[in-house]
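Engineer: This is data-v2.cif, which holds mmCIF, C-alpha atoms (C1' of nucleotides):
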data_target
loop_
_atom_site.label_atom_id
_atom_site.label_comp_id
_atom_site.auth_asym_id
_atom_site.auth_seq_id
_atom_site.Cartn_x
_atom_site.Cartn_y
_atom_site.Cartn_z
CA MET A 29 -47.53 101.01 6.16
CA ASN A 30 -45.33 103.70 4.65
CA GLY A 31 -41.62 103.39 4.07
CA HIS A 32 -40.44 105.19 7.16
CA GLU A 33 -42.70 103.18 9.42
CA LEU A 34 -41.49 99.91 7.91
CA LEU A 35 -37.85 100.91 8.26
CA GLN A 36 -38.39 102.09 11.81
CA LYS A 37 -39.98 98.77 12.70
CA HIS A 38 -37.13 96.94 10.99
CA ILE A 39 -34.46 98.83 12.89
CA SER A 40 -36.22 98.58 16.25
CA LYS A 41 -36.02 94.81 16.07
CA THR A 42 -32.30 95.18 16.71
CA VAL A 43 -31.75 98.45 18.55
CA THR A 44 -33.79 100.93 20.59
CA LEU A 45 -33.73 104.55 19.49
CA SER A 46 -35.62 107.59 20.76
CA ASP A 47 -38.14 109.17 18.38
CA ASP A 48 -35.87 112.16 17.83
CA VAL A 49 -32.93 110.01 16.88
CA PHE A 50 -35.15 107.92 14.63
CA GLU A 51 -36.29 111.01 12.83
CA TYR A 52 -32.68 112.07 12.38
CA VAL A 53 -31.73 108.64 11.05
CA LEU A 54 -34.67 108.48 8.68
CA SER A 55 -33.88 111.92 7.32
CA HIS A 56 -30.84 110.37 5.61
CA PHE A 57 -32.94 107.96 3.57
CA LYS A 58 -34.45 109.06 0.27
CA GLU A 59 -37.54 107.38 -1.09
CA GLN A 60 -37.27 106.21 -4.70
CA HIS A 61 -39.58 104.37 -7.07
CA PHE A 62 -38.60 101.87 -9.72
CA THR A 63 -40.69 100.11 -12.33
CA LYS A 64 -40.35 96.54 -13.49
CA GLY A 65 -37.28 96.10 -15.67
CA GLN A 66 -35.57 99.28 -14.52
CA THR A 67 -31.84 99.14 -13.82
CA ILE A 68 -30.59 100.33 -10.45
CA ILE A 69 -26.92 99.31 -10.49
CA SER A 70 -24.93 98.13 -13.51
CA ALA A 71 -21.55 96.41 -13.46
CA GLY A 72 -18.90 99.07 -13.88
CA ASP A 73 -20.87 101.72 -12.01
CA LYS A 74 -19.47 103.51 -9.03
CA VAL A 75 -21.86 102.36 -6.31
CA GLN A 76 -23.05 105.10 -3.97
CA HIS A 77 -26.12 103.72 -2.25
CA GLU A 78 -27.70 100.76 -0.60
CA TYR A 79 -31.45 100.27 -0.78
CA PHE A 80 -33.97 99.20 1.83
CA VAL A 81 -36.89 97.63 0.00
CA VAL A 82 -40.31 98.87 1.13
CA ALA A 83 -42.44 97.28 -1.60
CA GLY A 84 -41.89 95.31 -4.80
CA CYS A 85 -38.90 93.16 -5.54
CA LEU A 86 -35.33 93.65 -6.77
CA LYS A 87 -32.77 91.16 -7.94
CA SER A 88 -28.99 91.28 -7.50
CA PHE A 89 -27.12 89.29 -10.12
CA TYR A 90 -23.82 88.55 -11.75
CA ILE A 91 -23.25 88.15 -15.49
CA ASN A 92 -20.30 85.96 -16.50
CA GLU A 93 -18.17 85.99 -19.65
CA ASP A 94 -20.72 83.79 -21.46
CA VAL A 95 -23.46 86.34 -20.65
CA LYS A 96 -25.04 83.84 -18.32
CA MET A 97 -26.88 85.31 -15.34
CA PHE A 98 -26.56 84.15 -11.73
CA ILE A 99 -28.90 85.63 -9.18
CA LEU A 100 -27.40 86.31 -5.78
CA GLN A 101 -30.54 87.57 -4.12
CA PHE A 102 -34.16 88.45 -4.57
CA SER A 103 -34.75 91.48 -2.35
CA MET A 104 -38.26 91.56 -0.96
CA PRO A 105 -39.70 94.17 1.45
CA ASN A 106 -37.59 94.45 4.61
CA TRP A 107 -34.43 93.40 2.80
CA TRP A 108 -31.46 95.43 1.68
CA ALA A 109 -29.92 95.42 -1.76
CA SER A 110 -26.70 96.74 -3.27
CA ASP A 111 -23.32 95.56 -4.47
CA PHE A 112 -21.91 95.55 -0.97
CA GLU A 113 -18.39 94.75 -2.05
CA ALA A 114 -18.26 97.71 -4.41
CA LEU A 115 -20.11 99.92 -1.94
CA TYR A 116 -17.68 99.24 0.90
CA SER A 117 -14.48 99.11 -1.13
CA GLY A 118 -15.17 102.00 -3.46
CA GLU A 119 -14.40 99.81 -6.48
CA LYS A 120 -16.60 99.55 -9.56
CA ALA A 121 -19.64 97.32 -9.30
CA LYS A 122 -19.25 93.72 -10.39
CA ILE A 123 -22.88 92.87 -9.87
CA HIS A 124 -26.08 94.34 -11.24
CA VAL A 125 -29.26 95.23 -9.41
CA ASP A 126 -32.56 95.73 -11.16
CA CYS A 127 -36.26 95.84 -10.47
CA ILE A 128 -38.43 92.79 -11.14
CA ALA A 129 -41.67 94.06 -9.58
CA ASP A 130 -42.57 97.75 -9.30
CA ALA A 131 -40.73 98.84 -6.19
CA THR A 132 -40.49 101.51 -3.52
CA VAL A 133 -37.13 101.74 -1.79
CA LEU A 134 -35.34 103.95 0.73
CA ALA A 135 -31.87 104.82 -0.51
CA LEU A 136 -29.00 105.43 1.90
CA SER A 137 -25.68 106.71 0.63
CA ASN A 138 -22.41 105.14 1.68
CA GLU A 139 -21.30 108.41 3.26
CA ASP A 140 -24.52 108.75 5.21
CA ARG A 141 -24.32 105.18 6.48
CA GLU A 142 -20.79 105.74 7.75
CA LYS A 143 -21.83 109.08 9.20
CA LEU A 144 -24.77 107.52 11.04
CA CYS A 145 -22.52 104.72 12.28
CA ARG A 146 -20.00 107.25 13.55
CA GLU A 147 -22.53 109.53 15.20
CA ILE A 148 -24.88 106.92 16.63
CA HIS A 149 -23.31 103.89 18.23
CA GLU A 150 -26.64 102.02 18.07
CA MET A 151 -26.69 102.36 14.30
CA GLU A 152 -23.24 100.84 14.01
CA HIS A 153 -24.62 98.02 16.12
CA PHE A 154 -27.65 97.69 13.89
CA PHE A 155 -25.56 97.45 10.73
CA ARG A 156 -23.26 94.91 12.35
CA TRP A 157 -26.23 92.68 13.09
CA ARG A 158 -27.76 93.18 9.69
CA THR A 159 -24.54 92.16 7.97
CA ASN A 160 -24.17 89.24 10.32
CA LYS A 161 -27.58 87.96 9.31
CA GLY A 162 -26.68 88.28 5.66
CA TYR A 163 -23.44 86.42 6.28
CA VAL A 164 -25.17 83.53 8.02
CA ALA A 165 -27.88 83.37 5.34
CA THR A 166 -25.31 83.25 2.56
CA GLN A 167 -23.39 80.50 4.34
CA LYS A 168 -26.58 78.50 4.61
CA ARG A 169 -27.21 78.91 0.93
CA LEU A 170 -23.68 77.77 0.19
CA LEU A 171 -24.25 74.65 2.27
CA SER A 172 -27.53 74.04 0.49
CA PHE A 173 -25.62 74.19 -2.80
CA MET A 174 -23.14 71.59 -1.68
CA ASN A 175 -25.67 69.37 0.06
CA ASN A 176 -28.81 69.40 -2.09
CA ASN A 177 -29.70 68.76 -5.70
CA ALA A 178 -31.69 71.12 -7.90
CA LYS A 179 -35.09 69.74 -6.85
CA GLN A 180 -34.36 69.99 -3.15
CA ARG A 181 -33.08 73.53 -3.53
CA TYR A 182 -36.17 74.48 -5.52
CA GLU A 183 -38.50 73.10 -2.86
CA GLU A 184 -36.49 74.81 -0.15
CA LEU A 185 -36.82 78.13 -1.96
CA LEU A 186 -40.56 77.77 -2.46
CA THR A 187 -41.09 76.81 1.16
CA GLN A 188 -39.19 79.86 2.29
CA TYR A 189 -40.65 82.33 -0.23
CA PRO A 190 -43.94 81.01 -1.66
CA GLN A 191 -44.69 84.47 -3.11
CA LEU A 192 -41.79 84.09 -5.54
CA TYR A 193 -43.56 81.36 -7.48
CA ASN A 194 -46.08 83.80 -8.91
CA LEU A 195 -44.03 86.96 -8.65
CA VAL A 196 -40.98 86.12 -10.75
CA PRO A 197 -40.60 84.22 -14.05
CA LYS A 198 -39.23 80.69 -13.82
CA HIS A 199 -36.03 81.39 -15.70
CA LEU A 200 -35.06 83.84 -12.97
CA ILE A 201 -35.73 81.24 -10.32
CA ALA A 202 -33.51 78.89 -12.33
CA ALA A 203 -30.77 81.54 -12.33
CA TYR A 204 -31.11 81.79 -8.57
CA LEU A 205 -30.91 78.02 -8.11
CA GLY A 206 -27.94 77.79 -10.45
CA VAL A 207 -29.60 75.41 -12.93
CA SER A 208 -30.74 75.75 -16.53
CA ARG A 209 -34.34 76.80 -17.13
CA GLU A 210 -34.93 73.46 -18.87
CA THR A 211 -33.90 71.52 -15.80
CA LEU A 212 -36.13 73.63 -13.57
CA SER A 213 -39.04 73.14 -15.92
CA ARG A 214 -38.65 69.36 -15.58
CA LEU A 215 -38.79 69.33 -11.79
CA MET B 8 5.13 87.41 16.23
CA ASN B 9 3.10 86.48 19.29
CA GLY B 10 -0.67 86.25 19.38
CA HIS B 11 -1.38 89.66 20.86
CA GLU B 12 0.87 91.40 18.37
CA LEU B 13 -0.79 89.63 15.46
CA LEU B 14 -4.27 90.47 16.71
CA GLN B 15 -3.30 94.07 17.36
CA LYS B 16 -1.95 94.37 13.83
CA HIS B 17 -5.12 92.75 12.48
CA ILE B 18 -7.42 95.13 14.33
CA SER B 19 -5.40 98.23 13.49
CA LYS B 20 -5.97 97.61 9.81
CA THR B 21 -9.57 98.66 10.40
CA VAL B 22 -9.62 100.96 13.44
CA THR B 23 -7.17 103.05 15.45
CA LEU B 24 -6.96 102.43 19.18
CA SER B 25 -4.67 103.84 21.85
CA ASP B 26 -2.23 101.44 23.50
CA ASP B 27 -4.24 101.50 26.72
CA VAL B 28 -7.44 100.59 24.97
CA PHE B 29 -5.66 97.90 23.02
CA GLU B 30 -4.39 96.39 26.21
CA TYR B 31 -7.90 96.44 27.63
CA VAL B 32 -9.32 94.79 24.51
CA LEU B 33 -6.62 92.13 24.39
CA SER B 34 -7.19 91.29 28.06
CA HIS B 35 -10.51 89.73 27.00
CA PHE B 36 -8.85 87.20 24.70
CA LYS B 37 -7.52 83.95 26.11
CA GLU B 38 -4.76 82.07 24.36
CA GLN B 39 -5.47 78.41 23.71
CA HIS B 40 -3.58 75.60 22.00
CA PHE B 41 -5.05 72.78 19.98
CA THR B 42 -3.39 69.77 18.42
CA LYS B 43 -4.16 68.22 15.05
CA GLY B 44 -7.44 66.34 15.18
CA GLN B 45 -8.73 68.04 18.31
CA THR B 46 -12.37 69.09 18.42
CA ILE B 47 -13.20 72.69 19.24
CA ILE B 48 -16.93 72.90 18.57
CA SER B 49 -19.30 69.96 17.97
CA ALA B 50 -22.81 70.16 16.54
CA GLY B 51 -25.22 70.34 19.45
CA ASP B 52 -22.83 72.32 21.67
CA LYS B 53 -23.77 75.62 23.15
CA VAL B 54 -21.27 77.92 21.44
CA GLN B 55 -19.62 80.43 23.75
CA HIS B 56 -16.55 81.65 21.88
CA GLU B 57 -15.14 82.76 18.61
CA TYR B 58 -11.48 82.13 17.83
CA PHE B 59 -8.86 84.31 16.21
CA VAL B 60 -6.27 82.02 14.64
CA VAL B 61 -2.67 82.93 15.43
CA ALA B 62 -0.95 79.83 14.04
CA GLY B 63 -1.96 76.48 12.56
CA CYS B 64 -5.23 75.80 10.80
CA LEU B 65 -8.82 75.02 11.76
CA LYS B 66 -11.70 73.81 9.65
CA SER B 67 -15.41 74.64 10.05
CA PHE B 68 -17.68 72.01 8.60
CA TYR B 69 -21.17 70.64 8.39
CA ILE B 70 -22.10 66.95 8.54
CA ASN B 71 -25.32 65.98 6.76
CA GLU B 72 -27.73 63.10 7.38
CA ASP B 73 -25.59 60.80 5.24
CA VAL B 74 -22.56 61.62 7.42
CA LYS B 75 -21.02 63.45 4.50
CA MET B 76 -18.79 66.37 5.40
CA PHE B 77 -18.89 69.83 3.79
CA ILE B 78 -16.19 72.29 4.72
CA LEU B 79 -17.31 75.89 5.05
CA GLN B 80 -13.94 77.36 5.80
CA PHE B 81 -10.30 76.65 6.43
CA SER B 82 -9.21 79.16 9.08
CA MET B 83 -5.60 80.18 8.66
CA PRO B 84 -3.70 82.73 10.78
CA ASN B 85 -5.48 86.11 10.83
CA TRP B 86 -8.88 84.50 10.31
CA TRP B 87 -11.72 83.95 12.72
CA ALA B 88 -13.57 80.72 13.31
CA SER B 89 -16.76 79.72 15.08
CA ASP B 90 -20.33 78.73 14.37
CA PHE B 91 -21.43 82.31 14.02
CA GLU B 92 -25.08 81.52 13.67
CA ALA B 93 -25.12 79.57 16.93
CA LEU B 94 -22.86 82.09 18.61
CA TYR B 95 -25.08 85.05 17.78
CA SER B 96 -28.45 83.37 18.21
CA GLY B 97 -27.68 81.34 21.32
CA GLU B 98 -28.94 78.19 19.61
CA LYS B 99 -27.06 74.89 19.58
CA ALA B 100 -24.24 74.57 17.07
CA LYS B 101 -25.08 73.08 13.69
CA ILE B 102 -21.52 73.12 12.47
CA HIS B 103 -18.33 71.63 13.82
CA VAL B 104 -14.92 73.22 14.19
CA ASP B 105 -11.75 71.22 14.63
CA CYS B 106 -8.03 71.54 14.33
CA ILE B 107 -6.23 70.28 11.21
CA ALA B 108 -2.75 71.63 11.98
CA ASP B 109 -1.47 72.29 15.51
CA ALA B 110 -2.90 75.68 16.33
CA THR B 111 -2.64 78.66 18.63
CA VAL B 112 -5.81 80.74 18.91
CA LEU B 113 -7.13 83.67 20.91
CA ALA B 114 -10.59 82.92 22.25
CA LEU B 115 -13.16 85.65 22.77
CA SER B 116 -16.44 84.89 24.50
CA ASN B 117 -19.75 86.06 23.10
CA GLU B 118 -20.38 88.15 26.22
CA ASP B 119 -16.98 89.79 26.01
CA ARG B 120 -17.41 90.62 22.34
CA GLU B 121 -20.73 92.29 23.02
CA LYS B 122 -19.24 94.04 26.05
CA LEU B 123 -16.32 95.35 24.01
CA CYS B 124 -18.71 96.45 21.27
CA ARG B 125 -20.85 98.28 23.82
CA GLU B 126 -17.97 99.93 25.64
CA ILE B 127 -15.77 100.79 22.67
CA HIS B 128 -17.47 102.17 19.59
CA GLU B 129 -14.38 101.43 17.49
CA MET B 130 -14.63 97.74 18.33
CA GLU B 131 -18.22 97.64 17.14
CA HIS B 132 -16.96 99.24 13.97
CA PHE B 133 -14.18 96.67 13.67
CA PHE B 134 -16.56 93.74 14.03
CA ARG B 135 -18.94 95.26 11.52
CA TRP B 136 -16.16 95.40 8.95
CA ARG B 137 -14.89 91.96 9.77
CA THR B 138 -18.33 90.46 9.26
CA ASN B 139 -18.79 92.45 6.10
CA LYS B 140 -15.63 90.96 4.67
CA GLY B 141 -16.83 87.49 5.55
CA TYR B 142 -20.16 88.21 3.91
CA VAL B 143 -18.59 89.39 0.68
CA ALA B 144 -16.14 86.45 0.64
CA THR B 145 -18.96 83.95 1.12
CA GLN B 146 -20.96 85.57 -1.66
CA LYS B 147 -17.98 85.27 -3.96
CA ARG B 148 -17.63 81.61 -3.12
CA LEU B 149 -21.32 81.11 -3.83
CA LEU B 150 -20.88 82.71 -7.24
CA SER B 151 -17.86 80.54 -7.91
CA PHE B 152 -20.00 77.51 -7.15
CA MET B 153 -22.63 78.55 -9.65
CA ASN B 154 -20.20 79.72 -12.29
CA ASN B 155 -17.27 77.29 -12.25
CA ASN B 156 -16.78 73.54 -12.47
CA ALA B 157 -14.76 71.46 -10.02
CA LYS B 158 -11.46 71.95 -11.83
CA GLN B 159 -11.80 75.71 -12.01
CA ARG B 160 -12.75 75.92 -8.34
CA TYR B 161 -9.77 73.77 -7.42
CA GLU B 162 -7.36 75.97 -9.35
CA GLU B 163 -8.93 79.07 -7.86
CA LEU B 164 -8.45 77.68 -4.36
CA LEU B 165 -4.81 76.76 -4.96
CA THR B 166 -4.07 80.15 -6.46
CA GLN B 167 -5.55 81.84 -3.42
CA TYR B 168 -4.07 79.53 -0.77
CA PRO B 169 -1.09 77.62 -2.18
CA GLN B 170 -0.12 76.55 1.38
CA LEU B 171 -3.25 74.39 1.60
CA TYR B 172 -1.92 71.95 -1.00
CA ASN B 173 0.68 70.59 1.40
CA LEU B 174 -1.04 71.46 4.66
CA VAL B 175 -4.33 69.59 4.37
CA PRO B 176 -5.16 66.13 2.97
CA LYS B 177 -6.84 66.06 -0.42
CA HIS B 178 -10.13 64.61 0.77
CA LEU B 179 -10.60 67.73 2.93
CA ILE B 180 -9.95 69.94 -0.06
CA ALA B 181 -12.56 67.89 -1.91
CA ALA B 182 -15.01 68.49 0.94
CA TYR B 183 -14.34 72.20 0.64
CA LEU B 184 -14.86 72.20 -3.11
CA GLY B 185 -18.04 70.16 -2.76
CA VAL B 186 -16.84 67.23 -4.92
CA SER B 187 -15.96 63.62 -4.16
CA ARG B 188 -12.32 62.82 -3.36
CA GLU B 189 -12.24 60.59 -6.46
CA THR B 190 -13.19 63.47 -8.71
CA LEU B 191 -10.59 65.73 -7.14
CA SER B 192 -7.95 63.06 -7.58
CA ARG B 193 -8.72 62.94 -11.30
CA LEU B 194 -8.23 66.66 -11.89
"C1'" DT C 7 10.31 44.74 11.73
"C1'" DC C 8 5.61 43.86 10.88
"C1'" DG C 9 1.04 45.02 10.41
"C1'" DC C 10 -2.44 48.38 10.36
"C1'" DC C 11 -4.84 52.26 8.95
"C1'" DG C 12 -5.35 56.65 6.76
"C1'" DT C 13 -4.64 58.59 2.26
"C1'" DT C 14 -4.62 58.61 -2.60
"C1'" DG C 15 -5.15 56.83 -7.37
"C1'" DT C 16 -7.89 54.59 -10.90
"C1'" DG C 17 -11.25 51.71 -13.60
"C1'" DA C 18 -16.24 50.72 -14.56
"C1'" DC C 19 -20.49 52.24 -14.50
"C1'" DC C 20 -24.59 55.35 -13.27
"C1'" DT C 21 -27.19 59.70 -12.88
"C1'" DA C 22 -28.18 64.55 -12.64
"C1'" DT C 23 -27.93 68.26 -15.25
"C1'" DG C 24 -26.50 70.92 -19.40
"C1'" DT C 25 -27.23 71.94 -24.35
"C1'" DC C 26 -29.71 72.30 -28.58
"C1'" DA C 27 -33.81 72.17 -31.18
"C1'" DC C 28 -38.47 72.89 -31.64
"C1'" DA C 29 -43.39 73.41 -30.13
"C1'" DT C 30 -46.81 75.85 -27.40
"C1'" DT C 31 -48.92 79.40 -24.80
"C1'" DC C 32 -50.01 83.97 -23.75
"C1'" DA C 33 -49.77 88.90 -23.13
"C1'" DA C 34 -48.75 93.18 -25.32
"C1'" DT C 35 -49.05 96.01 -29.25
"C1'" DG C 36 -49.94 97.82 -34.07
"C1'" DC D 29 -57.72 90.70 -35.01
"C1'" DA D 30 -53.13 89.45 -36.41
"C1'" DT D 31 -48.41 89.55 -35.16
"C1'" DT D 32 -44.67 89.41 -32.38
"C1'" DG D 33 -41.74 88.06 -28.71
"C1'" DA D 34 -41.09 86.46 -24.07
"C1'" DA D 35 -41.83 82.56 -21.17
"C1'" DT D 36 -42.29 77.78 -20.74
"C1'" DG D 37 -42.42 72.75 -21.80
"C1'" DT D 38 -40.24 68.70 -23.74
"C1'" DG D 39 -37.46 65.30 -26.50
"C1'" DA D 40 -32.70 63.70 -27.81
"C1'" DC D 41 -28.28 63.56 -26.70
"C1'" DA D 42 -23.69 64.82 -24.31
"C1'" DT D 43 -20.94 65.15 -20.20
"C1'" DA D 44 -19.35 66.28 -15.47
"C1'" DG D 45 -19.28 64.26 -11.54
"C1'" DG D 46 -20.95 60.55 -8.13
"C1'" DT D 47 -20.52 55.77 -6.42
"C1'" DC D 48 -18.40 51.41 -5.71
"C1'" DA D 49 -14.56 48.38 -5.76
"C1'" DC D 50 -9.94 47.57 -5.38
"C1'" DA D 51 -4.93 48.55 -5.43
"C1'" DA D 52 -0.82 51.01 -3.91
"C1'" DC D 53 1.69 53.74 -0.83
"C1'" DG D 54 3.51 55.43 3.56
"C1'" DG D 55 3.84 56.55 8.42
"C1'" DC D 56 3.41 55.05 13.00
"C1'" DG D 57 2.71 52.19 17.00
"C1'" DA D 58 3.16 47.36 19.08
#
Please rewrite the model in this file as structure tokens.
Structural biologist:
Amino acid sequence: MNGHELLQKHISKTVTLSDDVFEYVLSHFKEQHFTKGQTIISAGDKVQHEYFVVAGCLKSFYINEDVKMFILQFSMPNWWASDFEALYSGEKAKIHVDCIADATVLALSNEDREKLCREIHEMEHFFRWRTNKGYVATQKRLLSFMNNNAKQRYEELLTQYPQLYNLVPKHLIAAYLGVSRETLSRL
Amino acid sequence: MNGHELLQKHISKTVTLSDDVFEYVLSHFKEQHFTKGQTIISAGDKVQHEYFVVAGCLKSFYINEDVKMFILQFSMPNWWASDFEALYSGEKAKIHVDCIADATVLALSNEDREKLCREIHEMEHFFRWRTNKGYVATQKRLLSFMNNNAKQRYEELLTQYPQLYNLVPKHLIAAYLGVSRETLSRL
DNA sequence: TCGCCGTTGTGACCTATGTCACATTCAATG
DNA sequence: CATTGAATGTGACATAGGTCACAACGGCGA
């Protein structure tokens, strides 16, 4: 399936659009390719785009004062990635996004998203629901952090995304779980 | 300031509405009063409403198998509270909401929110931004969990919401921070 | 006023996880 | 091939935070 088809399918799960409108919407997305290790957003950047992942995998992460990395999200196909705080507020990025498995994405600029939301009520609806899902998912992860130990969180992650086990190195999984790589290795 | 004024002010920070439209929007909210200790949503309920807090304070929390409580949010004036996952999906509530300081709220039903979003594009826009703010805030809290120890999280909370120190008992603050009340007491 | 219960503090001890050091494996590259 | 460096495993030890037990305090209803 190509990028536009995947995105169309993704959007139609939430809203119904005519083919013409779909074509108009899709015309605002630009396909881009990234290779493993490539940087997409660095802290300090002015963030202009969000990215719908068609293939491959991205990670969004924060680096603290001790240069320790915390992964907020692995973005697999059908997910969106960006520094949403910076994107919406216009401030400089605080989080980084880079590519961990050769990726194809569809980039949408902040201006174009707001334009689409203004022009097409259904798209505003779509983005409301998308954000809502992200909100609920993040709240669940927060609860999992408070409720479960490292082993339980690891098993939870692998149950939900078995592909990750082979796709990404263990020290990145540790950074997602919020434990040291040594601890993860002992699980 | 009465409830409608506060809500109007809150909404106008994000979108501009005429007085007539505002009146129409506000007519969908019903004022309710809760007293300290009162239950608003219990796990297992069918969730019908979300609540805009005008005065007082609510807490949203999860109870695990060991009957341990984890607080997702303290809802102060100008915040919204509900089990948003249950509300949006139609499933039974997994989280509880109750009142920790005598409260006045404006209740909006799920149907009315969707109706307002359908009828008034600006309201869809408003709710998109509201949810986006919640998403970003939750992500920040997640990062704080990974990055900071109990003491740092406690200080962060008190800096952000100094009122909480006197308003809510310490064991609830501990349940928000995800530590035992004994640990909090030793900070 | 008395007694009760919710809240908070604190000591003793236990456990999960972090940190540091070093070994091993393996893929990429000259 | 030989070499390098990233990824991973593992032992020894340190420490934040959990758990349990008990004491102290204070407000509120009988």
Engineer: If we count only C-alpha atoms (C1' of nucleotides) and set the cut-off at 12 Å, which residues sit around DA27 in chain C, ignoring sequence neighbours fewer than 2 positions away in its own chain? Please answer as a list in words.
Structural biologist: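 Contacts, in chain order: DT25 and DA29 of chain C; DT38, DG39, DA40 and DC41 of chain D.
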Engineer: Mind telling me what the PyMOL selection byres ((chain C) within 8 of (chain B)) catches here, as a PyMOL selection string?
Structural biologist: chain C and resi 13-15
Engineer: Residues of chain A were defined as contacting chain B if any atom lay at most 10 Å from it, counting only C-alpha atoms; please report them as a compact mmCIF listing (two decimals) with C-alpha atoms, in the frame of the given file.
Structural biologist:
# COMPACT_ATOMS: atom_id res chain seq x y z
CA PHE A 89 -27.12 89.29 -10.12
CA TYR A 90 -23.82 88.55 -11.75
CA ILE A 91 -23.25 88.15 -15.49
CA ASN A 92 -20.30 85.96 -16.50
CA GLU A 93 -18.17 85.99 -19.65
CA LYS A 96 -25.04 83.84 -18.32
CA MET A 97 -26.88 85.31 -15.34
CA PHE A 98 -26.56 84.15 -11.73
CA ILE A 99 -28.90 85.63 -9.18
CA LEU A 100 -27.40 86.31 -5.78
CA ASP A 111 -23.32 95.56 -4.47
CA PHE A 112 -21.91 95.55 -0.97
CA GLU A 113 -18.39 94.75 -2.05
CA ALA A 114 -18.26 97.71 -4.41
CA TYR A 116 -17.68 99.24 0.90
CA GLU A 142 -20.79 105.74 7.75
CA CYS A 145 -22.52 104.72 12.28
CA ARG A 146 -20.00 107.25 13.55
CA GLU A 147 -22.53 109.53 15.20
CA ILE A 148 -24.88 106.92 16.63
CA HIS A 149 -23.31 103.89 18.23
CA GLU A 150 -26.64 102.02 18.07
CA GLU A 152 -23.24 100.84 14.01
CA HIS A 153 -24.62 98.02 16.12
CA PHE A 154 -27.65 97.69 13.89
CA PHE A 155 -25.56 97.45 10.73
CA ARG A 156 -23.26 94.91 12.35
CA TRP A 157 -26.23 92.68 13.09
CA ARG A 158 -27.76 93.18 9.69
CA THR A 159 -24.54 92.16 7.97
CA ASN A 160 -24.17 89.24 10.32
CA LYS A 161 -27.58 87.96 9.31
CA GLY A 162 -26.68 88.28 5.66
CA TYR A 163 -23.44 86.42 6.28
CA VAL A 164 -25.17 83.53 8.02
CA ALA A 165 -27.88 83.37 5.34
CA THR A 166 -25.31 83.25 2.56
CA GLN A 167 -23.39 80.50 4.34
CA LYS A 168 -26.58 78.50 4.61
CA ARG A 169 -27.21 78.91 0.93
CA LEU A 170 -23.68 77.77 0.19
CA LEU A 171 -24.25 74.65 2.27
CA PHE A 173 -25.62 74.19 -2.80
CA MET A 174 -23.14 71.59 -1.68
CA ASN A 175 -25.67 69.37 0.06
CA ALA A 203 -30.77 81.54 -12.33
CA TYR A 204 -31.11 81.79 -8.57
CA LEU A 205 -30.91 78.02 -8.11
CA GLY A 206 -27.94 77.79 -10.45
CA VAL A 207 -29.60 75.41 -12.93
Engineer: Calculate how many Å separate CA of Ser40 in chain A from CA of Lys101 in chain B, rounding to one decimal.
Structural biologist: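 CA of Lys101 in chain B lies 27.9 Å from CA of Ser40 in chain A.
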Engineer: Residues at most 7 Å from range 50-54 of chain B, counting only C-alpha atoms (C1' of nucleotides), excluding those fewer than 4 positions away in the same chain, as a short mmCIF file (atom, residue, chain, number, x, y, z; two decimals) with C-alpha atoms, in the frame of the given file?
Structural biologist:
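Saved as out-v9.cif:
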data_model
loop_
_atom_site.label_atom_id
_atom_site.label_comp_id
_atom_site.auth_asym_id
_atom_site.auth_seq_id
_atom_site.Cartn_x
_atom_site.Cartn_y
_atom_site.Cartn_z
CA ALA B 93 -25.12 79.57 16.93
CA LEU B 94 -22.86 82.09 18.61
CA GLU B 98 -28.94 78.19 19.61
CA LYS B 99 -27.06 74.89 19.58
CA ALA B 100 -24.24 74.57 17.07
CA LYS B 101 -25.08 73.08 13.69
CA ILE B 102 -21.52 73.12 12.47
CA HIS B 103 -18.33 71.63 13.82
#
Engineer: Counting all atoms listed in the file, which residues of chain D sit at most 10 Å from some atom of chain A, and what is each one's closest atom pair with its distance in Å to one decimal, listed by chain and rising residue number, as a tab-separated table?
Structural biologist:
residue	atom	partner	partner_atom	distance
D:DA35	C1'	A:Pro197	CA	7.4
D:DT36	C1'	A:Ser213	CA	7.4
D:DG37	C1'	A:Ser213	CA	6.8
D:DT38	C1'	A:Arg214	CA	8.3
Engineer: What lies within 12 Å of Gln45 in chain B using only C-alpha atoms (C1' of nucleotides), ignoring chain neighbours under 3 positions off, as a PyMOL selection string?
Structural biologist: chain B and resi 40-42+48-49+64-66+103-110
Engineer: Hey, which of D:DA42, D:DC29, D:DC48, D:DA34 ends up closest to DC20 in chain C? Count only C-alpha atoms (C1' of nucleotides).
Structural biologist: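 Selected residue with least distance to DC20 in chain C: D:DC48.
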Engineer: On this structure, the PyMOL selection byres ((chain D and resi 33) around 12) would catch which residues? List them as an NGL selection string, sorted by chain and number.
Structural biologist: (:C and (31-35)) or (:D and (31-32 or 34-35))
Engineer: Where does the PyMOL selection byres ((chain A and resi 183) around 12) land in this file, that is, which residues does it pick, as a PyMOL selection string?
Structural biologist: chain A and resi 172+176-182+184-190+192-193+201+205+212+215
Engineer: May I ask for the distance between CA of Asp47 in chain A and CA of Val82 in chain A, given in Å to one decimal place?
Structural biologist: 20.2 Å
Engineer: Just the number, please: distance in Å from CA of Pro84 in chain B to CA of Gly63 in chain B, one decimal.
Structural biologist: 6.7 Å
Engineer: Closest to Gly31 in chain A among A:Glu51, A:Glu59, A:Asp94, A:Asp140, using all atoms listed in the file?
Structural biologist: A:Glu59
Engineer: My list of candidates is C:DG17, C:DG9, C:DG36, C:DG24. Which is closest to DA58 in chain D when distances are computed with all atoms listed in the file?
Structural biologist: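 So, comparing all the options, the nearest one is C:DG9.
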Engineer: Is it possible to get the axis-aligned box enclosing range 46-52 of chain D (all listed atoms, 3 Å extra per side) as JSON, with centre and edge lengths in Å rounded to one decimal?
Structural biologist:
{"center_x": -10.9, "center_y": 54.1, "center_z": -6.0, "size_x": 26.1, "size_y": 19.0, "size_z": 10.2}
